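Chemist: Let me give you the structure first, and then I'll get to my questions.
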Amino acid sequence: MNVLEVNHVSYHYHRKQVLHDVTFTVAKGEVFGILGPNGSGKTTLLKLLSKELLLQNGSITVNGRPLRSFSQKEWARFAAVLPQTVDAAFGYTVKETVELGRYAHQSGLFPTWTEEDEQAVKTAIEEVGLMEKAEEGIDRLSGGERQRVYLARALAQQPQLLLLDEPTNHMDITQQMKLLDQLVRSAKEKALTVIAIFHDINIASLYCDRLLMLKNGEVVALGTPEELMEPEIFRSVFHASVSRQAHPTVSKPLMAFLREWQFPILQHNELRERFAWTMLEDCVVVTATEPLKVLSSALVGSGFQWATHFVNRQVSKDYDCEDAETEMKHYLRRRGFPVQKTIGMMTAVSVEDAVCMYEKHDAFSVWTVVTAGVGNAVDAAQAWKREELSQKVGTINIMVFIDGTLTDAAYVQALMTATEAKTKALYDEKIVDPETSTYATGTSTDCIAIAATQTGATFPYAGTITPIGKAIGRTVYEATKEALRRYKQRRESL
Ligand SMILES: Nc1ncnc2c1ncn2[C@@H]1O[C@H](COP(=O)(O)OP(=O)(O)OP(=O)(O)O)[C@@H](O)[C@H]1O
């Protein structure tokens with residue numbers, strides 16, 4: 001059911017037209033965000049909804065009734081407003097300021113303060129987390145705390161519609177999240193409808209059911225965050241370059257802003273010049289002069305990360321740790337690696353036997369580093385037959401460094417190509433799953449990292465049909481085969 005219907009609303013200040021033919025509806029219990037650049041008409045629209053400005057053209061209806069038919073007091077009982085700036089009522093305490101929100105509920109010549117009024121004020125102060133400051137003068141509060149007091153005053157009104165102009169203005173991130181979590185909870189539990197202006201598009205995406213985007217007073221987009229958070233829309237409305245990303249835990253899009261200014265790119269294609277390779281007694285380390293974007297299954301730095309250090313650490317074959325990730329982070333710190341920028345893998349194979357393969361082309365170069373052991377060789381197609389996988393020495397760790405720009409699809413295809421090449425190397429070396437006596441496709445704990453400089457030519461794909469895929473396939477195959485031979489030799493010499 002629609003609480004609010006805005007139809008063909010236009011507005012001008014003197015001769016200046018600031019809203020043009022704005023039409024939208026808001027459903028009961030919806031959290032509805034308004035976005036747009038400075039001066040696009042957001043506040044004017046909110047002022048028309050709050051009856052602060054008189055409607056000039058078009059119509060606004062609330063629960064089917066024209067907005068203008070509501071008396072001021074009736075409207076104040078229905079809708080509460082949090083304006084962009086509120087003049088501080090100096091001399092009042094927090095509680096006294098919030099009590100003003102109950103004005104709309106007072107009636108008669110000598111209004112009485114009821115238990116219900118008292119409870120509404122208390123609940124509102126609690127909701128914004130200011131109980132300890134209830135008796136404090138509001139002139140002694142910070143800007144963000146004061147904003148929360150005014151929000152509490154609006155909540156104390158117990159409205160059905162809440163109109164907020166940048167509700168989290170002046171607030172630190174903790175308070176913003178607290179307040180918006182509370183607002184959304186209220187909206188969903190009490191079917192409170194919230195219409196709020198936001199400047200932070202990611203916050204708006206996270207908390208709003210739908211968004212309206214204004215540009216020069218016109219509606220340029222209206223829909224769910226999934227529909228609206230499109231780079232083309234942001235480029236046309238905000239003239240900003242953005243990239244759409246997936247939120248890690250919620251099915252809402254996130255926008256990453258792309259900086260116009262870039263660090264100067266080194267004008268060479270020689271991947272090896274940008275890297276240093278170091279062999280320490282218990283690890284092999286690749287360090288890069290500039291961070292690389294990495295997709296990996298590493299113990300430290302999994303998923304997509306930017307990294308400058310790539311560590312393949314050798315642990316004893318008896319290594320047994322309940323929380324290997326934390327232990328690995330301690331190790332990296334002890335060794336002086338910047339943990340936030342490090343991809344950390346483990347192996348029980350001798351890292352002295354690591355194999356590097358390099359391939360240079362005109363448009364890109366690929367550098368692959370592999371350590372291999374097959375104590376845990378498994379045939380993926382037959383793994384379901386095993387009760388429990390035994391943990392022996394031997395895993396295959398693959399790092400592929402690419403001088404070029406990869407799309408997300410290319411990262412995933414690079415993983416597939418490298419995995420296929422590794423499997424073929426195992427087949428050609430006749431590595432068998434000891435449990436099933438069938439050819440092994442990998443080991444039970446294999447690890448991989450695809451790292452690209454994200455400079456230079458762009459590669460949309462990295463499958464085996466592409467030049468970059470061919471280079472990945474060849475270097476991973478050759479390096480894995482050689483690493484397997486070295487592993488075999490070391491085992492035989494023991
Ligand atoms: N009282 C006024 N008299 C004349 N022009 C005004 C008045 N209030 C706003 N405007 C103009 O109307 C246009 C829209 O202003 P409005 O405040 O609605 O934009 P906004 O999108 O909320 O901007 P911001 O993001 O900066 O808060 C602007 O060009 C502004 O200068």
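Chain identifiers are assigned as A, B, and so on, following the order in which chains appear in the structure tokens; residues are numbered from 1 within each chain, and ligands are numbered from 1 in order of appearance.
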Using only C-alpha atoms and all ligand atoms, find each residue in chain A having at least one atom no more than 6 Å away from ligand 1; report its shortest atom-to-atom pair and that distance in Å (one decimal), rows by chain then rising number, as a tab-separated table.
Modeler:
residue	atom	partner	partner_atom_place_in_ligand_line	distance
A:Tyr13	CA	ligand 1	4 (C)	4.9
A:Val18	CA	ligand 1	13 (C)	5.2
A:Pro37	CA	ligand 1	25 (O)	5.6
A:Asn38	CA	ligand 1	25 (O)	3.4
A:Gly39	CA	ligand 1	19 (O)	3.4
A:Ser40	CA	ligand 1	21 (O)	3.8
A:Gly41	CA	ligand 1	18 (O)	3.3
A:Lys42	CA	ligand 1	21 (O)	3.9
A:Thr43	CA	ligand 1	22 (O)	3.6
A:Thr44	CA	ligand 1	18 (O)	3.7
Chemist: Please provide as an mmCIF file with N, CA and C atoms, in the first residue's frame all residues within 12 Å of range 245-247 of chain A, with the sequence filter that same-chain residues fewer than 2 positions apart are discarded (counting only C-alpha atoms).
Modeler:
data_model
loop_
_atom_site.group_PDB
_atom_site.id
_atom_site.type_symbol
_atom_site.label_atom_id
_atom_site.label_comp_id
_atom_site.auth_asym_id
_atom_site.auth_seq_id
_atom_site.Cartn_x
_atom_site.Cartn_y
_atom_site.Cartn_z
ATOM 1 N N ASN A 202 26.864 4.411 -0.874
ATOM 2 C CA ASN A 202 26.967 3.042 -0.362
ATOM 3 C C ASN A 202 26.099 2.849 0.869
ATOM 4 N N ILE A 203 26.026 3.885 1.705
ATOM 5 C CA ILE A 203 25.135 3.827 2.874
ATOM 6 C C ILE A 203 23.687 3.754 2.368
ATOM 7 N N SER A 205 22.618 2.585 -0.462
ATOM 8 C CA SER A 205 22.387 1.260 -1.057
ATOM 9 C C SER A 205 22.142 0.212 0.026
ATOM 10 N N LEU A 206 22.945 0.316 1.102
ATOM 11 C CA LEU A 206 22.887 -0.678 2.172
ATOM 12 C C LEU A 206 21.561 -0.624 2.936
ATOM 13 N N PRO A 225 18.322 -0.480 -5.100
ATOM 14 C CA PRO A 225 19.764 -0.232 -5.225
ATOM 15 C C PRO A 225 20.396 -1.087 -6.325
ATOM 16 N N GLU A 226 19.928 -2.344 -6.462
ATOM 17 C CA GLU A 226 20.488 -3.228 -7.495
ATOM 18 C C GLU A 226 20.277 -2.624 -8.880
ATOM 19 N N MET A 229 22.374 1.192 -8.945
ATOM 20 C CA MET A 229 23.821 1.334 -8.730
ATOM 21 C C MET A 229 24.569 0.874 -9.975
ATOM 22 N N GLU A 230 24.418 1.622 -11.024
ATOM 23 C CA GLU A 230 25.075 1.301 -12.284
ATOM 24 C C GLU A 230 26.114 2.371 -12.591
ATOM 25 N N PRO A 231 27.326 1.985 -12.971
ATOM 26 C CA PRO A 231 28.367 2.975 -13.245
ATOM 27 C C PRO A 231 27.931 4.060 -14.239
ATOM 28 N N VAL A 242 32.996 5.102 -11.349
ATOM 29 C CA VAL A 242 32.841 4.124 -10.266
ATOM 30 C C VAL A 242 32.864 2.721 -10.841
ATOM 31 N N SER A 243 33.137 1.777 -9.965
ATOM 32 C CA SER A 243 33.078 0.377 -10.380
ATOM 33 C C SER A 243 32.139 -0.327 -9.408
ATOM 34 N N THR A 249 28.765 -9.442 2.423
ATOM 35 C CA THR A 249 27.815 -10.288 3.155
ATOM 36 C C THR A 249 26.341 -10.028 2.841
ATOM 37 N N VAL A 250 26.008 -8.912 2.246
ATOM 38 C CA VAL A 250 24.600 -8.575 2.000
ATOM 39 C C VAL A 250 24.393 -8.499 0.486
ATOM 40 N N SER A 251 23.218 -8.872 0.012
ATOM 41 C CA SER A 251 23.041 -8.828 -1.449
ATOM 42 C C SER A 251 22.689 -7.414 -1.897
ATOM 43 N N LYS A 252 23.617 -6.503 -1.661
ATOM 44 C CA LYS A 252 23.442 -5.104 -2.082
ATOM 45 C C LYS A 252 24.722 -4.702 -2.811
ATOM 46 N N PRO A 253 24.583 -3.884 -3.851
ATOM 47 C CA PRO A 253 25.813 -3.476 -4.549
ATOM 48 C C PRO A 253 26.579 -2.394 -3.800
ATOM 49 N N LEU A 254 27.867 -2.356 -4.016
ATOM 50 C CA LEU A 254 28.730 -1.309 -3.448
ATOM 51 C C LEU A 254 29.399 -0.596 -4.613
ATOM 52 N N MET A 255 29.633 0.689 -4.484
ATOM 53 C CA MET A 255 30.319 1.414 -5.540
ATOM 54 C C MET A 255 31.726 1.779 -5.070
ATOM 55 N N ALA A 256 32.713 1.391 -5.838
ATOM 56 C CA ALA A 256 34.080 1.812 -5.526
ATOM 57 C C ALA A 256 34.404 2.980 -6.445
ATOM 58 N N PHE A 257 34.814 4.113 -5.864
ATOM 59 C CA PHE A 257 35.131 5.286 -6.679
ATOM 60 C C PHE A 257 36.504 5.108 -7.300
ATOM 61 N N PHE A 304 39.936 -11.499 -3.282
ATOM 62 C CA PHE A 304 40.619 -10.429 -4.003
ATOM 63 C C PHE A 304 41.331 -9.526 -3.005
ATOM 64 N N ASP A 408 37.543 -9.255 -14.036
ATOM 65 C CA ASP A 408 37.196 -10.316 -13.076
ATOM 66 C C ASP A 408 37.062 -11.662 -13.801
#
Chemist: Name all residues at most 10 Å from Asp200 in chain A (count only C-alpha atoms; drop same-chain ones fewer than 6 positions away) and give them as a ChimeraX atom specification.
Modeler: /A:35,166,168
Chemist: Would you write out those residues with N, CA and C atoms, as an mmCIF file, in the first residue's frame?
Modeler:
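Contents of part-v6.cif, freshly written:
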data_model
loop_
_atom_site.group_PDB
_atom_site.id
_atom_site.type_symbol
_atom_site.label_atom_id
_atom_site.label_comp_id
_atom_site.auth_asym_id
_atom_site.auth_seq_id
_atom_site.Cartn_x
_atom_site.Cartn_y
_atom_site.Cartn_z
ATOM 1 N N LEU A 35 18.819 10.644 -3.658
ATOM 2 C CA LEU A 35 20.226 10.939 -3.957
ATOM 3 C C LEU A 35 20.289 11.988 -5.061
ATOM 4 N N GLU A 166 19.644 14.267 5.239
ATOM 5 C CA GLU A 166 20.989 13.841 5.651
ATOM 6 C C GLU A 166 21.036 13.504 7.143
ATOM 7 N N THR A 168 22.554 11.486 8.962
ATOM 8 C CA THR A 168 23.800 11.131 9.658
ATOM 9 C C THR A 168 24.876 12.197 9.482
#
Chemist: Can you build me a table of range 208-310 of chain A residues sitting at most 8 Å from range 327-338 of chain A, with the closest atom pair per residue and its distance in Å to one decimal, using only C-alpha atoms, sorted by chain and residue number, as a tab-separated table?
Modeler:
residue	atom	partner	partner_atom	distance
A:Leu299	CA	A:Met328	CA	7.8
A:Val300	CA	A:Lys329	CA	7.1
A:His309	CA	A:Phe337	CA	7.3
